[in-house]
Each structure stands twice: as C-alpha cells, then as structure tokens.
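Structure file start.cif (mmCIF, C-alpha atoms) is printed below.
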```
data_protein
loop_
_atom_site.label_atom_id
_atom_site.label_comp_id
_atom_site.auth_asym_id
_atom_site.auth_seq_id
_atom_site.Cartn_x
_atom_site.Cartn_y
_atom_site.Cartn_z
CA MET A 161 43.40 -126.36 -27.61
CA ALA A 162 42.18 -123.96 -24.92
CA SER A 163 39.15 -125.05 -22.99
CA ARG A 164 35.81 -123.28 -23.18
CA GLY A 165 36.02 -122.32 -19.50
CA SER A 166 39.34 -120.61 -20.05
CA GLY A 167 37.88 -118.47 -22.89
CA THR A 168 34.97 -117.45 -20.71
CA ARG A 169 37.34 -116.29 -17.96
CA VAL A 170 39.34 -114.21 -20.46
CA ALA A 171 36.16 -112.58 -21.76
CA ARG A 172 35.04 -111.76 -18.21
CA ASP A 173 38.47 -110.31 -17.42
CA GLN A 174 38.34 -108.14 -20.52
CA ARG A 175 34.86 -106.87 -19.62
CA GLY A 176 36.08 -106.10 -16.10
CA ILE A 177 39.02 -104.16 -17.45
CA ALA A 178 36.74 -102.23 -19.80
CA LEU A 179 34.34 -101.47 -16.94
CA LEU A 180 37.19 -100.35 -14.71
CA GLY A 181 38.56 -98.20 -17.52
CA SER A 182 35.12 -96.67 -18.10
CA ILE A 183 34.79 -95.88 -14.40
CA LEU A 184 38.21 -94.28 -14.38
CA VAL A 185 37.37 -92.22 -17.47
CA LEU A 186 34.06 -91.13 -15.92
CA ALA A 187 35.83 -90.20 -12.70
CA LEU A 188 38.40 -88.23 -14.67
CA LEU A 189 35.66 -86.47 -16.66
CA ALA A 190 33.78 -85.69 -13.46
CA SER A 191 36.93 -84.23 -11.93
CA VAL A 192 37.62 -82.16 -15.05
CA THR A 193 34.00 -81.00 -15.17
CA GLY A 194 34.06 -80.11 -11.48
CA ALA A 195 37.29 -78.20 -11.89
CA THR A 196 35.91 -76.41 -14.93
CA LEU A 197 32.72 -75.47 -13.08
CA TRP A 198 34.77 -74.27 -10.09
CA LEU A 199 36.97 -72.23 -12.41
CA VAL A 200 33.97 -70.74 -14.21
CA ARG A 201 32.28 -69.98 -10.88
CA SER A 202 35.47 -68.32 -9.63
CA GLU A 203 35.80 -66.26 -12.78
CA LEU A 204 32.15 -65.22 -12.57
CA TRP A 205 32.63 -64.26 -8.93
CA VAL A 206 35.75 -62.27 -9.73
CA ALA A 207 34.00 -60.57 -12.66
CA GLY A 208 30.96 -59.86 -10.49
CA SER A 209 33.10 -58.45 -7.72
CA ALA A 210 34.97 -56.24 -10.20
CA ARG A 211 31.64 -55.06 -11.60
CA ALA A 212 30.35 -54.35 -8.09
CA ARG A 213 33.46 -52.31 -7.30
CA GLU A 214 33.01 -50.36 -10.52
CA GLN A 215 29.36 -49.75 -9.65
CA ALA A 216 30.42 -48.54 -6.21
CA ARG A 217 32.88 -46.17 -7.90
CA TYR A 218 30.10 -44.71 -10.04
CA SER A 219 27.89 -44.34 -6.94
CA ALA A 220 30.69 -42.48 -5.18
CA GLU A 221 30.99 -40.13 -8.17
CA ALA A 222 27.22 -39.61 -8.04
CA GLY A 223 27.63 -38.53 -4.42
CA VAL A 224 30.16 -35.89 -5.46
CA TRP A 225 27.87 -34.50 -8.14
CA HIS A 226 24.92 -34.54 -5.73
CA ALA A 227 26.90 -32.55 -3.19
CA LEU A 228 28.02 -30.15 -5.90
CA ALA A 229 24.38 -29.60 -6.88
CA VAL A 230 23.35 -28.45 -3.39
CA ILE A 231 26.18 -25.95 -2.96
CA ALA A 232 24.73 -22.59 -3.94
CA PRO A 233 26.68 -20.03 -5.99
CA GLY A 234 26.97 -17.49 -3.18
CA THR A 235 27.88 -19.95 -0.44
CA SER A 236 30.83 -19.20 1.79
CA PHE A 237 33.08 -22.26 1.81
CA GLU A 238 33.93 -21.49 5.44
CA ASP A 239 30.25 -21.80 6.31
CA LEU A 240 29.99 -24.94 4.20
CA VAL A 241 32.78 -26.64 6.12
CA ALA A 242 31.11 -25.57 9.37
CA GLY A 243 27.91 -27.20 8.14
CA THR A 244 25.78 -24.06 8.04
CA GLY A 245 25.84 -22.84 4.43
CA GLY A 246 24.91 -23.82 0.93
CA LEU A 247 21.71 -25.64 1.80
CA SER A 248 18.09 -24.74 1.22
CA ASP A 249 17.21 -24.86 4.92
CA ALA A 250 19.87 -24.54 7.62
CA SER A 251 17.65 -26.37 10.13
CA ASP A 252 17.08 -29.26 7.71
CA PRO A 253 20.33 -29.54 5.78
CA GLY A 254 19.19 -32.04 3.20
CA PRO A 255 20.05 -35.63 2.30
CA LEU A 256 23.85 -35.34 2.39
CA PRO A 257 25.97 -35.35 5.54
CA ILE A 258 26.87 -31.71 4.94
CA GLY A 259 25.99 -30.20 8.27
CA GLY A 260 24.04 -33.22 9.52
CA GLY A 261 22.51 -35.13 6.61
CA GLY A 262 22.58 -38.88 6.14
CA PHE A 263 23.34 -41.75 3.79
CA VAL A 264 21.64 -41.67 0.41
CA PHE A 265 20.49 -44.86 -1.32
CA PHE A 266 20.95 -44.35 -5.05
CA PRO A 267 19.42 -45.69 -7.23
CA GLY A 268 18.29 -47.99 -4.40
CA PRO A 269 19.65 -50.36 -1.71
CA PRO A 270 22.29 -51.68 -1.45
CA PHE A 271 23.70 -48.96 -3.73
CA GLY A 272 24.26 -45.65 -2.00
CA TYR A 273 26.69 -42.99 -0.88
CA GLY A 274 27.54 -40.59 1.91
CA VAL A 275 29.50 -37.38 1.49
CA THR A 276 31.53 -35.47 4.05
CA VAL A 277 33.20 -32.08 3.74
CA ALA A 278 36.65 -30.98 4.81
CA ALA A 279 38.50 -27.71 4.65
CA ASP A 280 41.01 -26.88 1.95
CA ALA A 281 42.92 -23.76 0.96
CA ASP A 282 42.37 -20.96 -1.55
CA GLU A 283 38.55 -20.94 -1.54
CA ARG A 284 38.29 -24.67 -1.99
CA VAL A 285 36.72 -27.56 -0.12
CA ARG A 286 37.36 -31.28 -0.19
CA LEU A 287 34.52 -33.77 -0.55
CA ARG A 288 34.90 -37.41 0.49
CA SER A 289 32.25 -39.66 -1.03
CA SER A 290 32.02 -43.21 0.32
CA ALA A 291 29.75 -45.60 -1.60
CA THR A 292 28.49 -49.18 -1.32
CA ALA A 293 27.19 -51.65 -3.90
CA VAL A 294 26.26 -55.34 -4.11
CA ARG A 295 28.47 -58.03 -2.55
CA GLY A 296 29.59 -55.53 0.07
CA ALA A 297 31.70 -53.62 -2.43
CA GLN A 298 32.89 -50.23 -1.22
CA ARG A 299 34.70 -47.37 -2.97
CA VAL A 300 35.78 -43.94 -1.82
CA VAL A 301 36.57 -40.96 -4.04
CA ARG A 302 37.89 -37.54 -3.10
CA ALA A 303 36.94 -34.38 -4.93
CA THR A 304 38.34 -30.88 -4.84
CA ILE A 305 35.69 -28.19 -5.29
CA GLY A 306 36.51 -24.60 -6.22
CA ARG A 307 34.83 -21.58 -7.75
CA GLU A 308 34.27 -20.85 -11.41
CA VAL A 309 36.36 -18.01 -12.75
CA GLU A 310 33.48 -15.85 -13.98
CA PRO A 311 30.60 -14.47 -11.87
CA TYR A 312 27.35 -16.40 -12.02
CA ALA A 313 24.92 -14.56 -14.30
CA PRO A 314 22.26 -16.87 -15.80
CA ALA A 315 19.78 -14.27 -17.11
CA ALA A 316 19.02 -10.59 -17.60
CA LEU A 317 16.33 -10.88 -14.92
CA VAL A 318 16.33 -13.62 -12.28
CA VAL A 319 13.08 -13.93 -10.31
CA ALA A 320 13.96 -16.74 -7.90
CA SER A 321 10.36 -17.49 -6.86
CA GLY A 322 8.97 -17.03 -10.36
CA ALA A 323 6.51 -14.44 -9.01
CA VAL A 324 6.09 -11.48 -11.38
CA SER A 325 3.32 -8.89 -11.43
CA VAL A 326 2.72 -6.28 -14.11
CA ALA A 327 0.45 -3.25 -13.75
CA ALA A 328 -2.59 -3.35 -16.02
CA ALA A 329 -1.60 -0.03 -17.57
CA LEU A 330 1.60 -1.63 -18.93
CA GLU A 331 -0.01 -4.61 -20.59
CA GLY A 332 0.64 -4.67 -24.29
CA LEU A 333 2.87 -1.59 -24.34
CA PRO A 334 6.02 -1.92 -26.47
CA PRO A 335 9.34 -0.92 -24.86
CA GLU A 336 9.49 2.37 -26.76
CA ALA A 337 6.08 3.31 -25.33
CA GLY A 338 7.03 2.55 -21.71
CA GLY A 339 6.52 -1.21 -21.67
CA ILE A 340 8.80 -3.97 -20.36
CA LEU A 341 11.85 -5.30 -22.20
CA LEU A 342 14.06 -8.21 -21.08
CA ASP A 343 16.94 -8.53 -23.53
CA ALA A 344 19.59 -11.28 -23.58
CA THR A 345 20.57 -10.97 -27.23
CA GLN A 346 24.22 -10.36 -26.29
CA PRO A 347 24.99 -13.07 -23.71
CA GLY A 348 28.33 -13.42 -22.00
CA ASP A 349 28.91 -17.13 -22.65
CA GLY A 350 26.08 -18.05 -24.98
CA ALA A 351 23.84 -19.48 -22.24
CA GLN A 352 22.16 -16.47 -20.67
CA ALA A 353 18.36 -16.19 -20.87
CA ALA A 354 15.93 -13.30 -20.77
CA VAL A 355 14.42 -14.51 -17.49
CA GLY A 356 15.42 -17.12 -14.91
CA ALA A 357 14.07 -18.68 -11.72
CA SER A 358 15.10 -21.32 -9.18
CA THR A 359 13.43 -24.13 -11.15
CA VAL A 360 12.55 -24.63 -14.79
CA GLU A 361 8.85 -24.62 -13.88
CA LEU A 362 9.12 -21.30 -12.01
CA ALA A 363 11.14 -19.82 -14.87
CA GLU A 364 8.36 -20.80 -17.25
CA LEU A 365 5.81 -19.25 -14.88
CA ALA A 366 7.73 -15.96 -14.91
CA ARG A 367 8.14 -16.08 -18.69
CA SER A 368 4.48 -16.82 -19.32
CA THR A 369 3.37 -14.06 -16.92
CA LEU A 370 5.57 -11.51 -18.66
CA ALA A 371 4.59 -12.69 -22.14
CA GLY A 372 0.92 -12.62 -21.17
CA ALA A 373 1.32 -9.00 -20.09
CA GLY A 374 2.83 -8.08 -23.44
CA ALA A 375 6.44 -7.75 -22.27
CA THR A 376 9.14 -8.12 -24.91
CA LEU A 377 11.52 -11.03 -24.26
CA ALA A 378 14.54 -11.21 -26.55
CA GLY A 379 17.46 -13.59 -26.88
CA ALA A 380 18.33 -17.08 -28.06
CA THR A 381 17.02 -18.49 -24.75
CA LEU A 382 13.95 -16.97 -23.15
CA ARG A 383 13.94 -18.78 -19.82
CA ARG A 384 16.15 -21.08 -17.80
CA ARG A 385 16.78 -22.40 -14.31
CA ALA A 386 19.02 -20.30 -12.07
CA ARG A 387 20.78 -21.86 -9.10
CA ALA A 388 19.30 -20.02 -6.13
CA PHE A 389 21.37 -18.63 -3.29
CA ASP A 390 20.78 -16.64 -0.12
CA VAL A 391 21.14 -13.01 -1.20
CA ALA A 392 20.73 -11.64 2.35
CA ALA A 393 23.47 -13.93 3.70
CA PHE A 394 25.72 -13.03 0.80
CA ALA A 395 25.18 -9.32 1.44
CA LEU A 396 26.04 -9.81 5.11
CA ALA A 397 29.18 -11.76 4.21
CA THR A 398 30.52 -8.88 2.12
CA GLY A 399 31.32 -6.97 5.30
CA LEU A 400 29.99 -3.76 3.78
CA ALA A 401 28.18 -1.40 6.13
CA GLU A 402 24.42 -1.49 5.58
CA GLN A 403 23.05 1.91 4.57
CA ASP A 404 19.63 3.46 4.34
CA PRO A 405 18.15 3.22 0.81
CA SER A 406 17.94 7.03 0.78
CA VAL A 407 21.66 6.98 -0.06
CA LEU A 408 20.59 6.03 -3.58
CA ALA A 409 19.38 9.58 -4.14
CA ALA A 410 22.96 10.34 -5.22
CA VAL A 411 24.71 8.89 -8.26
CA GLN A 412 26.66 5.79 -7.22
CA GLY A 413 29.90 5.08 -9.02
CA VAL A 414 31.08 6.05 -12.47
CA SER A 415 32.44 4.19 -15.47
CA GLY A 416 35.83 2.82 -14.51
CA ALA A 417 35.15 3.23 -10.80
CA PRO A 418 31.98 1.27 -9.97
CA ALA A 419 30.45 1.37 -6.51
CA ALA A 420 29.49 -1.48 -4.15
CA LEU A 421 26.71 -0.92 -1.60
CA VAL A 422 24.49 -2.84 0.79
CA VAL A 423 21.20 -1.15 1.64
CA ARG A 424 18.40 -1.88 4.07
CA PRO A 425 14.88 -2.77 2.90
CA GLY A 426 12.67 0.16 2.02
CA ALA A 427 11.96 2.80 -0.60
CA ALA A 428 14.78 4.28 -2.63
CA PRO A 429 14.49 7.59 -4.50
CA GLY A 430 16.06 6.00 -7.55
CA LEU A 431 19.13 4.14 -8.78
CA VAL A 432 21.66 5.84 -11.04
CA GLY A 433 25.29 4.98 -11.67
CA HIS A 434 27.62 1.99 -12.05
CA GLY A 435 28.40 -0.99 -9.82
CA VAL A 436 26.61 -3.47 -7.59
CA VAL A 437 23.85 -2.88 -5.04
CA LEU A 438 22.59 -5.51 -2.60
CA ALA A 439 19.31 -4.99 -0.71
CA ARG A 440 18.81 -7.22 2.33
CA GLY A 441 15.05 -7.15 1.87
CA ALA A 442 12.31 -5.70 -0.32
CA LEU A 443 13.28 -2.61 -2.31
CA ASP A 444 11.01 -0.06 -4.00
CA LEU A 445 12.68 2.07 -6.67
CA GLN A 446 10.43 5.11 -6.73
CA GLY A 447 12.40 7.40 -9.04
CA ALA A 448 14.49 7.28 -12.18
CA VAL A 449 16.60 4.18 -12.72
CA ASP A 450 19.65 4.26 -15.00
CA TRP A 451 21.92 1.53 -13.67
CA GLN A 452 24.88 -0.20 -15.28
CA GLY A 453 25.86 -3.18 -13.20
CA VAL A 454 24.11 -5.68 -10.94
CA LEU A 455 21.19 -5.33 -8.55
CA TYR A 456 20.50 -8.07 -5.96
CA VAL A 457 17.33 -7.89 -3.86
CA ALA A 458 16.61 -10.38 -1.04
CA GLY A 459 12.85 -9.89 -1.37
CA GLU A 460 10.47 -8.13 -3.72
CA LEU A 461 11.84 -5.59 -6.17
CA ARG A 462 9.22 -2.99 -7.05
CA ILE A 463 9.74 -0.73 -10.03
CA SER A 464 7.46 2.25 -9.38
CA GLY A 465 9.48 5.05 -10.97
CA ALA A 466 10.31 6.03 -14.52
CA PRO A 467 12.25 6.00 -16.71
CA CYS A 468 13.89 2.66 -15.91
CA ARG A 469 16.95 1.30 -17.74
CA ILE A 470 19.27 -1.38 -16.37
CA THR A 471 22.21 -2.87 -18.26
CA GLY A 472 23.82 -5.82 -16.53
CA MET A 473 21.62 -8.12 -14.43
CA VAL A 474 18.80 -7.98 -11.89
CA TRP A 475 18.32 -10.74 -9.27
CA ALA A 476 15.33 -10.63 -6.91
CA GLU A 477 13.01 -13.00 -5.07
CA SER A 478 10.01 -11.49 -6.86
CA VAL A 479 9.41 -8.49 -9.12
CA SER A 480 6.54 -6.04 -9.44
CA PHE A 481 6.40 -3.66 -12.40
CA ALA A 482 4.26 -0.61 -11.67
CA LYS A 483 6.15 1.22 -14.40
CA GLY A 484 7.85 0.05 -17.54
CA CYS A 485 11.50 -0.96 -17.50
CA SER A 486 14.22 -2.08 -19.87
CA VAL A 487 16.60 -4.75 -18.51
CA ARG A 488 19.40 -5.73 -20.88
CA PHE A 489 21.95 -8.41 -20.08
CA GLY A 490 25.38 -6.78 -20.15
CA TRP A 491 28.47 -8.88 -19.60
CA PRO A 492 30.95 -5.95 -19.54
CA GLU A 493 28.79 -4.20 -16.94
CA ILE A 494 28.65 -7.37 -14.82
CA LEU A 495 32.43 -7.79 -14.96
CA ALA A 496 32.86 -4.13 -14.00
CA ALA A 497 30.56 -4.66 -11.00
CA ASP A 498 32.58 -7.76 -10.10
CA SER A 499 35.70 -5.59 -9.96
CA ALA A 500 34.03 -3.52 -7.23
CA LEU A 501 32.74 -6.55 -5.29
CA ARG A 502 33.43 -10.18 -6.02
CA LEU A 503 30.08 -11.54 -7.20
CA PRO A 504 28.80 -15.08 -6.55
CA ARG A 505 30.46 -17.92 -8.43
CA ARG A 506 29.15 -21.39 -9.07
CA PRO A 507 31.05 -24.25 -7.40
CA THR A 508 32.87 -26.45 -9.87
CA LEU A 509 34.71 -29.79 -9.77
CA LEU A 510 38.47 -29.22 -10.01
CA ALA A 511 39.80 -32.73 -9.35
CA LEU A 512 38.51 -36.24 -8.68
CA ASP A 513 40.58 -39.23 -7.54
CA ASP A 514 40.29 -42.54 -5.70
CA ALA A 515 40.97 -42.48 -1.98
#
```
Please go through the file and, once you have read it, give me the structure as structure tokens.
Amino acid sequence: MASRGSGTRVARDQRGIALLGSILVLALLASVTGATLWLVRSELWVAGSARAREQARYSAEAGVWHALAVIAPGTSFEDLVAGTGGLSDASDPGPLPIGGGGFVFFPGPPFGYGVTVAADADERVRLRSSATAVRGAQRVVRATIGREVEPYAPAALVVASGAVSVAAALEGLPPEAGGILLDATQPGDGAQAAVGASTVELAELARSTLAGAGATLAGATLRRRARAFDVAAFALATGLAEQDPSVLAAVQGVSGAPAALVVRPGAAPGLVGHGVVLARGALDLQGAVDWQGVLYVAGELRISGAPCRITGMVWAESVSFAKGCSVRFGWPEILAADSALRLPRRPTLLALDDA
C-alpha cells in the first residue's frame, strides 16, 4: 500500500502540471490576442490610409473644379497660361496658383489643394491639382480644359453689375405701347433667362428693378447668374480695328453676311443690321435700333432712341432705358453672329486622370 506522503507528492505534482499548463494556455491566449490586436490595428491603419488617399483624391478634384470656376468665358487661354487672364483682378489673382495664388485649405486643414496651369494645344490648357489629406496622404490629378462648342449666352439681357435704370415715363407701359420687353420664351438650350447678372443676388436685383418699373419679363426662367468676363479685354483680343461709334449710322451686315465691329465709347446714331458689335466702354444708342445678333458693352448701355428691337442677346455692365426696347433671345441670330466673330465660350472639363 502506498504511503500517505507519496499520495501528497503526486497531488502536488498534478497541481503543478495544471498550473504550468494554465500558464502556457494563458501565454498562448495572450500571444493570440496580441497578434489579433496587431492585425486589427494594421488593417485599421491600412483602411484609414486608403480612406485618406481617397479623400486626397476628392480634394484634388475639388481643386480642378475650383480652377474651372474662376476661368471666365471670354478668357484667352494664352493669357491664362501666362498668369494674366481669367481672374477677377489681375493684381490679386485669387486663391489658386494661377498667376500667383496660393494653397487652398478645403474644407479645412490638413485637407487642401493647389492648382497649377500648363500650356496645351488646340485652345486647351492643362491643370495639375495636388492635394493633401490626413496621415500625410497626397494625390495629384491632371485635367484637360477646353471650350464648350456653343457660344455662351445665358440670357436675353445680361447686366453684369445688376444695375438697371428705367425712365419714369416708361413705368407701367406695355411693350406694344413703347415699354420694355425681355423675352426668353425660345431659349437655345432650355436654360436661358430673361435677365442675368454676375451673381444670383445681382440678377434678382435687376429682375426686381425691371419688374417694379412694369417691364415685361417672359420665359421659363426670369433670372439667373451669368459668368462674368472682361468685355473690353475680349474686344481687344479680337484684333479688330476700333472704330468711332458714328460708323453705326450705316446698316451693318445683312442676313447671311453678318458684320463684326469694335467701337469706341460714345454716342452712336443707332444700330441697324446683323452681326456682333463690341463697345470698349459706355455706349449711348441715340437713334433707331433694329439689331439681329449680339451687342457687348464694356460699361453702361443707354437706350435713348426709338424704336428699339434687338433679337439675339445684349451684354452690358449696366443698362439705362430712357426709351422703351424689346430684347428677345434669339439662338439663330447668336449663332449667325458667332459665324462673323467667334463669341466667348465657357471652359469645360474634357478629361480627368491620376498623375
């Protein structure tokens, strides 16, 4: 028979083995747990880094769209590449590094982008948008910017500053009695408005001024924002010789052979014919107006003669109606004017890819 001491030693040995086994199991579980936590942490880091890179990609795209938004319809791409065109103020070129801007934090640090411009061919430019995000993520996208096919014509009457004045004698007069009519009932692409301005607020100001004076505004859309551009610079870039406004005493252009003219600021005896006229400053139309085409005025347009009928589009910094006038949006007339002189086009995104 085994002694009691021997049984006690066996029991102690068994407890020791169980304790050692428990320690080994705990160590193994700790190792497995540590490995699992490391794996989860690694996967979270990888997922976070991938998300940060995707966020940087979206920020880079935002930079492209921001740059696109500050390029005006009439901008020369040559000037844009040189850093002197397409911006609201050439001496303060805005938030993008187009002609001297800087890095833009969007929607806030560390997210942001910077955009640079390079030359391309066939009236195109290349944008390079470099963006950052969290965890030091960086992405670069390249965009090719071109011109829309059709001329930019947002409204029957564009008053860039929103400033409109109407003589008291015209207030409340219907078009047939010598009042004011702005008609966009036959738009070219379904989006044209009766009146436009450089911001929605200014467009509403122009609309409310005209409506308050009893003008007739017709069309599916009464007012909308128009992307402003430098009319005087555009007129200069045409290369056309600047003429005295007295030249408008004669009929300019005919159907099928529209004219294209640039005139100096001043008083014109009238405006009759077909085509496009650009005034590099304020213009006063003192006689009969019967124009089919486009009229651009880099300043105030004053209508002080009668009768006044324009089919196509009028674009001016401000407008003063001393006499009544009918301005009807006319897409065929605009396209005919474009055949005489290539009118401003909006910039558009043609291609976007990762650098």
Query raised in the report: A:Ser478, A:Pro418, A:Arg469, A:Leu408: which is nearest Ala363 of chain A, counting all atoms listed in the file?
Result: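 Closest candidate: A:Ser478.
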Do a neighbour search on Gln403 of chain A at 10 Å with all atoms listed in the file, toss out local chain neighbours closer than 5 positions, and write the hits as an mmCIF file with C-alpha atoms, keeping the file's coordinate frame.
```cif
data_model
loop_
_atom_site.group_PDB
_atom_site.id
_atom_site.type_symbol
_atom_site.label_atom_id
_atom_site.label_comp_id
_atom_site.auth_asym_id
_atom_site.auth_seq_id
_atom_site.Cartn_x
_atom_site.Cartn_y
_atom_site.Cartn_z
ATOM 1 C CA LEU A 408 20.590 6.030 -3.580
ATOM 2 C CA LEU A 421 26.710 -0.920 -1.600
ATOM 3 C CA VAL A 422 24.490 -2.840 0.790
ATOM 4 C CA VAL A 423 21.200 -1.150 1.640
ATOM 5 C CA ARG A 424 18.400 -1.880 4.070
ATOM 6 C CA PRO A 425 14.880 -2.770 2.900
ATOM 7 C CA ALA A 439 19.310 -4.990 -0.710
#
```
Query raised in the report: Quick one: distance from atom CA of Glu402 of chain A to atom CA of Val285 of chain A in Å, one decimal?
Result: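 About the pair atom CA of Glu402 of chain A and atom CA of Val285 of chain A: they are 29.4 Å apart.
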**Report entry** Closest of A:Gln446, A:Ser219, A:Ser191, A:Ser480 to Val301 of chain A - atom-to-atom distances counting all atoms listed in the file
**Finding:**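 Result for the nearest residue to Val301 of chain A: A:Ser219.
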Query - Neighbours of point (11.8, -6.4, -0.9) within 8 Å, using only C-alpha atoms, written as a list in words - result: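 Collected hits near the coordinates: Pro425, Gly426, Ala439, Arg440, Gly441, Ala442, Leu443, Asp444, Val457, Ala458, Gly459, Glu460, Leu461, Arg462 and Glu477 of chain A.
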Name every residue that the PyMOL selection byres ((chain A and resi 351) around 12) selects in this structure, writing the answer as a compact mmCIF listing (two decimals) with C-alpha atoms, keeping the file's coordinate frame with chains first and numbers rising.
```txt
# COMPACT_ATOMS: atom_id res chain seq x y z
CA TYR A 312 27.35 -16.40 -12.02
CA ALA A 313 24.92 -14.56 -14.30
CA PRO A 314 22.26 -16.87 -15.80
CA ALA A 315 19.78 -14.27 -17.11
CA ALA A 316 19.02 -10.59 -17.60
CA ALA A 344 19.59 -11.28 -23.58
CA THR A 345 20.57 -10.97 -27.23
CA GLN A 346 24.22 -10.36 -26.29
CA PRO A 347 24.99 -13.07 -23.71
CA GLY A 348 28.33 -13.42 -22.00
CA ASP A 349 28.91 -17.13 -22.65
CA GLY A 350 26.08 -18.05 -24.98
CA GLN A 352 22.16 -16.47 -20.67
CA ALA A 353 18.36 -16.19 -20.87
CA ALA A 354 15.93 -13.30 -20.77
CA VAL A 355 14.42 -14.51 -17.49
CA GLY A 356 15.42 -17.12 -14.91
CA GLY A 379 17.46 -13.59 -26.88
CA ALA A 380 18.33 -17.08 -28.06
CA THR A 381 17.02 -18.49 -24.75
CA LEU A 382 13.95 -16.97 -23.15
CA ARG A 383 13.94 -18.78 -19.82
CA ARG A 384 16.15 -21.08 -17.80
CA ARG A 385 16.78 -22.40 -14.31
CA ALA A 386 19.02 -20.30 -12.07
CA PHE A 489 21.95 -8.41 -20.08
CA TRP A 491 28.47 -8.88 -19.60
```
Query raised in the report: When you draw a straight line from atom CA of Leu512 of chain A to atom CA of Thr304 of chain A, how long is it in Å?
Result: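 Straight-line distance from atom CA of Leu512 of chain A to atom CA of Thr304 of chain A works out to 6.6 Å.
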Report task. Using all atoms listed in the file, find the one residue out of A:Leu199, A:Ala232, A:Leu342, A:Leu365 that sits nearest to Thr508 of chain A. Result ->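 Closest to Thr508 of chain A of all the choices is A:Ala232.
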**Report entry** Atom pair atom CA of Leu445 of chain A / atom CA of Ala428 of chain A: separation (Å)
**Finding:**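 That distance, rounded to one decimal, is 5.1 Å.
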Query raised in the report: Which of these residues is nearest to Gly416 of chain A, using all atoms listed in the file: A:Phe481, A:Asp498, A:Leu400, A:Gly472?
Result: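 Of A:Phe481, A:Asp498, A:Leu400, A:Gly472, the one nearest Gly416 of chain A, counting all atoms listed in the file, is A:Asp498.
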Report task. Starting from the displayed file, determine the output of the PyMOL selection byres ((chain A and resi 325) around 7) and express the residue list as a ChimeraX atom specification. Result -> /A:323-324,326-327,479-481
Query raised in the report: On this structure, which residues satisfy the PyMOL selection byres ((chain A and resi 513) around 7), written as a ChimeraX atom specification?
Result: /A:301-303,511-512,514-515
Query raised in the report: Nearest to Gly447 of chain A: which of A:Leu317, A:Leu370, A:Cys485, A:Val275 is it, counting only C-alpha atoms?
Result: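 With only C-alpha atoms as the atom set, the closest residue is A:Cys485.
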Query raised in the report: Of the residues A:Trp475, A:Phe389, A:Phe263, A:Tyr273, which is the one nearest to Ser236 of chain A, using only C-alpha atoms?
Result: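 Nearest to Ser236 of chain A: A:Phe389.
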Given 3 Å on each side, where is the centre and what are the edge lengths in Å to one decimal of the axis-aligned box enclosing the listed atoms of segment 426-437 of chain A, as JSON?
```
{"center_x": 20.2, "center_y": 2.1, "center_z": -5.0, "size_x": 22.4, "size_y": 17.1, "size_z": 20.1}
```
Query raised in the report: Do you know which residues are at most 7 Å from Ala220 of chain A counting all atoms listed in the file, after dropping those on the same chain fewer than 6 positions away, and could you put them as a list in words?
Result: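 Close residues of Ala220 of chain A: Tyr273, Ser289, Ser290, Ala291, Arg299, Val300 and Val301 of chain A.
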Query raised in the report: Using all atoms listed in the file, which residues sit within 12 Å of Pro504 of chain A once same-chain residues fewer than 5 positions away are excluded, as a PyMOL selection string?
Result: chain A and resi 231-237+307-314+387-391+393-395+397-398+436+454+456+475+494-495+497-498
